[in-house]
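Written below as structure tokens is the structure these notes are about.
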Amino acid sequence: MKNLVVNFFVVFGFILFSNIACGQVTFSPFTNFPILGTLANHLTTGDFNNDGKKDVAVATSSYTTDSGLNTNYKVMVYLQDKNNSLILSDSYTYGHATDGVGAIGAGDVNNDGLCDIVIAVEAEIGIFYQNVNGKFNSPVYTYCGAIPDALKIGDINDDGINDIIITLRRQSNIAAFYGDSMGKLAYPVWYFSGASLYGDIEIARLGDDNFNSVIKMYGQGGLYSKGRLSFTVYHFNKDRSLNTETNLDLISNSVNNMPVSIVMGNVTSDKRNELIYSVNGMINVWGASPEISFDLQTPYNSGALAAGDLNSDGIDEIVMISNNFVQVIVNKVIYKFSTNSPDINSPDGIAITDVNSDGKLDIVSCNGNTGLTIMLNTTIITGTNQINDTELNVFPNPCKNIVNINNTNGKDILTIYDSTSRVIKKIKTDYDKTVVSMEGFYPGIYFVNISGKTFKVVKN
């Protein structure tokens, strides 16, 4: 397919001490939560006290107190309080590491409905299991074979149970920790992949697939050196065997600097997930038709990426932080906003989530020099922002035991997730109207995904 390069003017759209405007998206000026120490480069988000709200956890590789350096490294947990403001609630030690956390993720990994925190340290993963009191137990460690570069949590073999997948530095393998219905994680299963100095990994539905894929980015060069970039897509069977392994045909596979991260999102109007990565001063979107590149018009190295629907128009925006700017692509136009964070060079150094429970996605990031930074989304959602179609209509919402979805086509797969991203239910839609039973579900917030759209449903 012929490549298409799209160039746009960069607009500097920030105003100090007032709301920051970005076309159809606005943000309040950034708020900083300083974290004493030298390295706080990894964060994750989830419901960390089982109250239905999104929280943030930051992993530090050193932590300084008033009495001096503390080498008992921490995972700092920030919770939304009763006023929906983010506050530092607890910190948890992972004291045996010498190099600190290499990656962090969150999700229900023991099938109890609670969101756990997983860290990668040295040649192990450590799991902080959330308990019924909304706190975390001391980490449980499992050997994974080599130093992990990145980890993700999700259902990789379509059995409705979360698993953990990691990349291994300088190794020709990825490692999978499979969950089961009894809440146990199996010892890792290794699958061959291209050897790389540095890599990232994602779990998502790619294109028209009705099942999750594992997408690995790997390169034959260093993070700051020339090399060759490749992506491989893996599909796994329910028996944990490898189904297919496919190499992607990239927009460009010869790179001056290795990209920091990959991310999945629907950045076009085709209602399908695309693969997004930044390299050589460009943000590339693989899977769009035609394929798209955005010129960042910056001499600086590409930073970590995130994607999410910031203005409720049904299309994901792309966010990257680099050289003290947040760059946001809205409707194929790139805008820049001032922030206090320099380059975010960890794949999990940025996230998009709702940290004040107003129904809009905010930008969170962390950096060793500045700590945790929040940019609250202040976009006014109007009829011009919202999806203007009659294809899908979800009601009643909130619901008691039944939710109805009108205008379904009888072909799509409907998936319900809980607040920890655990798959709760999958059904094939009916023609015209699909009736979904939520009887037996715990009260709380659920997410219904169908036809590339996700709807938040509240179960009373």
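Residue numbers start at 1 in each chain; chains themselves are named A, B, ... in the order of the structure tokens; ligands are numbered from 1 in the order shown.
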Please identify all polymer residues within 12 Å of Asn157 (chain A), counting only C-alpha atoms, omitting same-chain residues fewer than 2 positions from it, and present them as a PyMOL selection string.
-> chain A and resi 153-155+159-165+176-180+203-205+210-214+234-244+423
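Counting only C-alpha atoms, region 393-402 of chain A has the following residues at most 8 Å away, ignoring those fewer than 4 positions along the same chain: A:Asn406, A:Asn407, A:Val435, A:Val436, A:Ser437, A:Met438, A:Glu439, A:Gly440, A:Phe455, A:Val457, A:Val458, A:Lys459, A:Asn460.
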Serialized selection, N, CA, C and O atoms, as a compact mmCIF listing (two decimals), in the first residue's frame:
# COMPACT_ATOMS: atom_id res chain seq x y z
N ASN A 406 -29.70 -1.07 20.95
CA ASN A 406 -30.44 -1.02 19.69
C ASN A 406 -29.51 -0.93 18.49
O ASN A 406 -28.37 -0.50 18.59
N ASN A 407 -30.02 -1.35 17.34
CA ASN A 407 -29.34 -1.21 16.04
C ASN A 407 -28.07 -2.05 15.93
O ASN A 407 -27.12 -1.66 15.25
N VAL A 435 -30.22 -7.84 23.83
CA VAL A 435 -30.55 -7.72 25.25
C VAL A 435 -29.45 -8.44 26.04
O VAL A 435 -29.19 -9.61 25.82
N VAL A 436 -28.82 -7.70 26.94
CA VAL A 436 -27.69 -8.23 27.71
C VAL A 436 -28.09 -8.35 29.17
O VAL A 436 -28.51 -7.37 29.79
N SER A 437 -27.98 -9.55 29.71
CA SER A 437 -28.26 -9.76 31.13
C SER A 437 -27.02 -9.45 31.95
O SER A 437 -25.93 -9.97 31.68
N MET A 438 -27.17 -8.59 32.96
CA MET A 438 -26.10 -8.30 33.92
C MET A 438 -26.47 -8.83 35.29
O MET A 438 -25.92 -8.40 36.31
N GLU A 439 -27.39 -9.77 35.31
CA GLU A 439 -27.80 -10.38 36.58
C GLU A 439 -26.63 -11.13 37.18
O GLU A 439 -25.92 -11.86 36.50
N GLY A 440 -26.41 -10.95 38.45
CA GLY A 440 -25.28 -11.59 39.13
C GLY A 440 -24.02 -10.74 39.15
O GLY A 440 -23.07 -11.06 39.86
N PHE A 455 -18.86 1.86 25.75
CA PHE A 455 -19.86 2.58 26.51
C PHE A 455 -19.69 2.24 27.99
O PHE A 455 -19.51 1.08 28.35
N VAL A 457 -21.32 1.66 31.48
CA VAL A 457 -22.62 1.28 32.00
C VAL A 457 -22.51 1.13 33.51
O VAL A 457 -21.60 0.46 34.01
N VAL A 458 -23.43 1.73 34.23
CA VAL A 458 -23.46 1.63 35.69
C VAL A 458 -24.51 0.61 36.09
O VAL A 458 -25.67 0.70 35.68
N LYS A 459 -24.08 -0.39 36.87
CA LYS A 459 -24.99 -1.43 37.38
C LYS A 459 -25.34 -1.10 38.83
O LYS A 459 -24.48 -1.01 39.67
N ASN A 460 -26.63 -0.86 39.09
CA ASN A 460 -27.08 -0.55 40.45
C ASN A 460 -27.32 -1.83 41.25
O ASN A 460 -27.49 -2.91 40.68
Show me, as an mmCIF file with N, CA, C and O atoms, in the first residue's frame, the residues that have an atom within 7 Å of Leu372 (chain A) when counting only C-alpha atoms, minus same-chain residues fewer than 6 positions from it.
data_model
loop_
_atom_site.group_PDB
_atom_site.id
_atom_site.type_symbol
_atom_site.label_atom_id
_atom_site.label_comp_id
_atom_site.auth_asym_id
_atom_site.auth_seq_id
_atom_site.Cartn_x
_atom_site.Cartn_y
_atom_site.Cartn_z
ATOM 1 N N ASN A 32 1.400 19.408 39.607
ATOM 2 C CA ASN A 32 2.541 18.540 39.872
ATOM 3 C C ASN A 32 2.500 17.993 41.293
ATOM 4 O O ASN A 32 2.201 18.728 42.242
ATOM 5 N N PHE A 33 2.770 16.680 41.434
ATOM 6 C CA PHE A 33 2.932 16.034 42.728
ATOM 7 C C PHE A 33 4.403 15.645 42.846
ATOM 8 O O PHE A 33 4.804 14.591 42.337
ATOM 9 N N PRO A 34 5.228 16.478 43.473
ATOM 10 C CA PRO A 34 6.660 16.147 43.551
ATOM 11 C C PRO A 34 6.881 14.835 44.303
ATOM 12 O O PRO A 34 6.214 14.546 45.296
ATOM 13 N N SER A 365 1.337 11.733 33.781
ATOM 14 C CA SER A 365 2.685 11.346 33.384
ATOM 15 C C SER A 365 3.590 11.415 34.589
ATOM 16 O O SER A 365 3.262 12.026 35.610
ATOM 17 N N CYS A 366 4.745 10.775 34.488
ATOM 18 C CA CYS A 366 5.715 10.863 35.568
ATOM 19 C C CYS A 366 7.114 10.921 34.984
ATOM 20 O O CYS A 366 7.388 10.417 33.895
#
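By chain and then residue number, the residues within 7 Å of region 133-141 of chain A are Phe48, Asn49, Asn50, Tyr94, Glu124, Ile125, Gly126 and Ile127 of chain A, counting only C-alpha atoms and disregarding those fewer than 6 positions away in sequence.
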Saved selection, atoms kept: N, CA, C and O atoms, as an mmCIF file, in the first residue's frame:
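What landed in selection17.cif:
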data_model
loop_
_atom_site.group_PDB
_atom_site.id
_atom_site.type_symbol
_atom_site.label_atom_id
_atom_site.label_comp_id
_atom_site.auth_asym_id
_atom_site.auth_seq_id
_atom_site.Cartn_x
_atom_site.Cartn_y
_atom_site.Cartn_z
ATOM 1 N N PHE A 48 -7.679 1.282 42.701
ATOM 2 C CA PHE A 48 -6.781 0.698 43.688
ATOM 3 C C PHE A 48 -7.360 0.637 45.097
ATOM 4 O O PHE A 48 -6.641 0.294 46.038
ATOM 5 N N ASN A 49 -8.630 0.961 45.260
ATOM 6 C CA ASN A 49 -9.289 0.740 46.556
ATOM 7 C C ASN A 49 -10.733 0.289 46.376
ATOM 8 O O ASN A 49 -11.537 0.366 47.303
ATOM 9 N N ASN A 50 -11.068 -0.172 45.166
ATOM 10 C CA ASN A 50 -12.353 -0.795 44.867
ATOM 11 C C ASN A 50 -13.542 0.115 45.158
ATOM 12 O O ASN A 50 -14.577 -0.335 45.648
ATOM 13 N N TYR A 94 9.244 -2.370 47.697
ATOM 14 C CA TYR A 94 9.796 -3.563 47.056
ATOM 15 C C TYR A 94 11.309 -3.489 47.293
ATOM 16 O O TYR A 94 12.083 -3.040 46.505
ATOM 17 N N GLU A 124 12.620 -10.700 37.629
ATOM 18 C CA GLU A 124 11.401 -11.179 38.267
ATOM 19 C C GLU A 124 10.250 -10.228 37.988
ATOM 20 O O GLU A 124 10.450 -9.069 37.617
ATOM 21 N N ILE A 125 9.033 -10.728 38.177
ATOM 22 C CA ILE A 125 7.876 -9.854 38.326
ATOM 23 C C ILE A 125 7.421 -9.955 39.781
ATOM 24 O O ILE A 125 7.531 -11.011 40.416
ATOM 25 N N GLY A 126 6.957 -8.840 40.306
ATOM 26 C CA GLY A 126 6.421 -8.799 41.660
ATOM 27 C C GLY A 126 4.972 -8.347 41.616
ATOM 28 O O GLY A 126 4.642 -7.366 40.939
ATOM 29 N N ILE A 127 4.096 -9.058 42.309
ATOM 30 C CA ILE A 127 2.662 -8.756 42.281
ATOM 31 C C ILE A 127 2.215 -8.279 43.655
ATOM 32 O O ILE A 127 2.370 -8.986 44.658
#
May I ask for the distance between CA of Ala120 (chain A) and CA of Thr373 (chain A), given in Å to one decimal place?
->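 Taking CA of Ala120 (chain A) and CA of Thr373 (chain A), their separation equals 22.5 Å.
Of note, CA of Asp362 (chain A) and CA of Phe27 (chain A) are spaced 8.3 Å apart.
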Have a look at CA of Glu317 (chain A) and CA of Lys332 (chain A) and let me know their distance in Å, one decimal.
->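 About the pair CA of Glu317 (chain A) and CA of Lys332 (chain A): they are 8.7 Å apart.
Proximity of A:Gly410, A:Pro148, A:Pro347, A:Gly308 to Lys360 (chain A), computed with only C-alpha atoms, is greatest for A:Gly308.
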Residue list (strand (DSSP E or B), DSSP) for region 165-365 of chain A, as an NGL selection string | :A and (165-168 or 173-177 or 179 or 185 or 189-192 or 199-204 or 207 or 213-219 or 227-236 or 242-247 or 254-255 or 262-265 or 273-279 or 282-286 or 292-295 or 305-308 or 317-322 or 325-330 or 333-338 or 350-353 or 362-365)
Using only C-alpha atoms, find the one residue out of A:Ser322, A:Asn273, A:Thr60, A:Asn84 that sits nearest to Ala288 (chain A).
->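 Between A:Ser322, A:Asn273, A:Thr60, A:Asn84, the residue approaching Ala288 (chain A) most closely is A:Asn273.
Shortest separation to Thr415 (chain A) among A:Phe447, A:Tyr143, A:Phe128, A:Phe441 occurs at residue A:Phe447, atoms counted being only C-alpha atoms.
Using only C-alpha atoms, the contacts of Val355 (chain A) at a cut-off of 10 Å, with sequence neighbours closer than 3 positions omitted, comprise A:Thr45, A:Gly46, A:Lys53, A:Lys54, A:Asp55, A:Val56, A:Tyr78, A:Leu79, A:Gln80, A:Asn84, A:Ser85, A:Leu86, A:Ile352, A:Asp358, A:Gly359, A:Lys360, A:Leu361, A:Asp362, A:Ile363, A:Val364, A:Ile374, A:Met375, A:Leu376, A:Asn377.
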Would you mind exporting N, CA and C atoms of the selected residues as a PDB file, in the first residue's frame?
ATOM      1  N   THR A  45      -2.485   2.891  36.023  1.00  0.00           N
ATOM      2  CA  THR A  45      -3.750   3.386  36.537  1.00  0.00           C
ATOM      3  C   THR A  45      -4.722   2.238  36.742  1.00  0.00           C
ATOM      4  N   GLY A  46      -5.661   2.422  37.647  1.00  0.00           N
ATOM      5  CA  GLY A  46      -6.671   1.411  37.934  1.00  0.00           C
ATOM      6  C   GLY A  46      -7.436   1.798  39.180  1.00  0.00           C
ATOM      7  N   LYS A  53     -13.511   4.289  41.207  1.00  0.00           N
ATOM      8  CA  LYS A  53     -12.820   5.446  40.653  1.00  0.00           C
ATOM      9  C   LYS A  53     -11.425   5.040  40.182  1.00  0.00           C
ATOM     10  N   LYS A  54     -10.910   5.780  39.191  1.00  0.00           N
ATOM     11  CA  LYS A  54      -9.576   5.520  38.666  1.00  0.00           C
ATOM     12  C   LYS A  54      -8.516   6.208  39.523  1.00  0.00           C
ATOM     13  N   ASP A  55      -7.488   5.476  39.868  1.00  0.00           N
ATOM     14  CA  ASP A  55      -6.387   5.957  40.686  1.00  0.00           C
ATOM     15  C   ASP A  55      -5.076   5.790  39.925  1.00  0.00           C
ATOM     16  N   VAL A  56      -3.977   6.239  40.527  1.00  0.00           N
ATOM     17  CA  VAL A  56      -2.667   6.212  39.879  1.00  0.00           C
ATOM     18  C   VAL A  56      -1.649   5.614  40.832  1.00  0.00           C
ATOM     19  N   TYR A  78      -1.772   6.845  44.576  1.00  0.00           N
ATOM     20  CA  TYR A  78      -2.564   8.067  44.676  1.00  0.00           C
ATOM     21  C   TYR A  78      -4.027   7.711  44.407  1.00  0.00           C
ATOM     22  N   LEU A  79      -4.895   8.005  45.378  1.00  0.00           N
ATOM     23  CA  LEU A  79      -6.310   7.671  45.282  1.00  0.00           C
ATOM     24  C   LEU A  79      -7.151   8.928  45.121  1.00  0.00           C
ATOM     25  N   GLN A  80      -8.310   8.775  44.475  1.00  0.00           N
ATOM     26  CA  GLN A  80      -9.295   9.855  44.479  1.00  0.00           C
ATOM     27  C   GLN A  80     -10.008   9.870  45.827  1.00  0.00           C
ATOM     28  N   ASN A  84     -13.172  13.651  44.842  1.00  0.00           N
ATOM     29  CA  ASN A  84     -12.636  13.254  43.535  1.00  0.00           C
ATOM     30  C   ASN A  84     -11.322  13.954  43.210  1.00  0.00           C
ATOM     31  N   SER A  85     -10.579  14.330  44.249  1.00  0.00           N
ATOM     32  CA  SER A  85      -9.243  14.901  44.076  1.00  0.00           C
ATOM     33  C   SER A  85      -8.206  13.825  44.346  1.00  0.00           C
ATOM     34  N   LEU A  86      -7.140  13.825  43.565  1.00  0.00           N
ATOM     35  CA  LEU A  86      -6.097  12.811  43.707  1.00  0.00           C
ATOM     36  C   LEU A  86      -5.182  13.171  44.864  1.00  0.00           C
ATOM     37  N   ILE A 352      -3.640   7.831  29.908  1.00  0.00           N
ATOM     38  CA  ILE A 352      -4.853   8.636  29.777  1.00  0.00           C
ATOM     39  C   ILE A 352      -5.948   7.939  30.568  1.00  0.00           C
ATOM     40  N   ASP A 358     -15.099  12.901  36.350  1.00  0.00           N
ATOM     41  CA  ASP A 358     -16.042  13.782  35.674  1.00  0.00           C
ATOM     42  C   ASP A 358     -16.471  13.229  34.322  1.00  0.00           C
ATOM     43  N   GLY A 359     -16.049  11.983  34.005  1.00  0.00           N
ATOM     44  CA  GLY A 359     -16.424  11.348  32.764  1.00  0.00           C
ATOM     45  C   GLY A 359     -15.547  11.702  31.588  1.00  0.00           C
ATOM     46  N   LYS A 360     -14.489  12.502  31.813  1.00  0.00           N
ATOM     47  CA  LYS A 360     -13.573  12.881  30.742  1.00  0.00           C
ATOM     48  C   LYS A 360     -12.180  12.355  31.049  1.00  0.00           C
ATOM     49  N   LEU A 361     -11.460  11.983  30.005  1.00  0.00           N
ATOM     50  CA  LEU A 361     -10.137  11.398  30.166  1.00  0.00           C
ATOM     51  C   LEU A 361      -9.092  12.488  30.334  1.00  0.00           C
ATOM     52  N   ASP A 362      -8.231  12.320  31.335  1.00  0.00           N
ATOM     53  CA  ASP A 362      -7.168  13.259  31.648  1.00  0.00           C
ATOM     54  C   ASP A 362      -5.812  12.657  31.274  1.00  0.00           C
ATOM     55  N   ILE A 363      -4.759  13.479  31.294  1.00  0.00           N
ATOM     56  CA  ILE A 363      -3.405  13.031  30.956  1.00  0.00           C
ATOM     57  C   ILE A 363      -2.579  12.993  32.230  1.00  0.00           C
ATOM     58  N   VAL A 364      -1.985  11.836  32.510  1.00  0.00           N
ATOM     59  CA  VAL A 364      -1.090  11.693  33.659  1.00  0.00           C
ATOM     60  C   VAL A 364       0.269  11.235  33.152  1.00  0.00           C
ATOM     61  N   ILE A 374      -0.290  15.948  36.390  1.00  0.00           N
ATOM     62  CA  ILE A 374      -1.675  15.740  35.954  1.00  0.00           C
ATOM     63  C   ILE A 374      -2.116  16.924  35.106  1.00  0.00           C
ATOM     64  N   MET A 375      -2.730  16.635  33.957  1.00  0.00           N
ATOM     65  CA  MET A 375      -3.417  17.669  33.161  1.00  0.00           C
ATOM     66  C   MET A 375      -4.883  17.266  33.064  1.00  0.00           C
ATOM     67  N   LEU A 376      -5.754  18.022  33.754  1.00  0.00           N
ATOM     68  CA  LEU A 376      -7.177  17.705  33.787  1.00  0.00           C
ATOM     69  C   LEU A 376      -7.856  18.177  32.506  1.00  0.00           C
ATOM     70  N   ASN A 377      -8.694  17.321  31.968  1.00  0.00           N
ATOM     71  CA  ASN A 377      -9.442  17.601  30.748  1.00  0.00           C
ATOM     72  C   ASN A 377     -10.646  18.475  31.097  1.00  0.00           C
TER      73      ASN A 377
END
Pick out the closest residue to Val326 (chain A) from this set: A:Phe30, A:Leu185, A:Cys144, A:Asn284. Count only C-alpha atoms.
->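 Of the candidates, the smallest distance to Val326 (chain A) is held by A:Phe30.
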With distances taken over only C-alpha atoms, which of A:Val448, A:Pro29, A:Ile35, A:Tyr417 is nearest to Thr370 (chain A)?
->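 The closest residue to Thr370 (chain A) is A:Ile35.
Candidate residues A:Gly303, A:Asp81, A:Val233, A:Lys428 were compared for distance to Gly281 (chain A), and the nearest is A:Gly303, using only C-alpha atoms.
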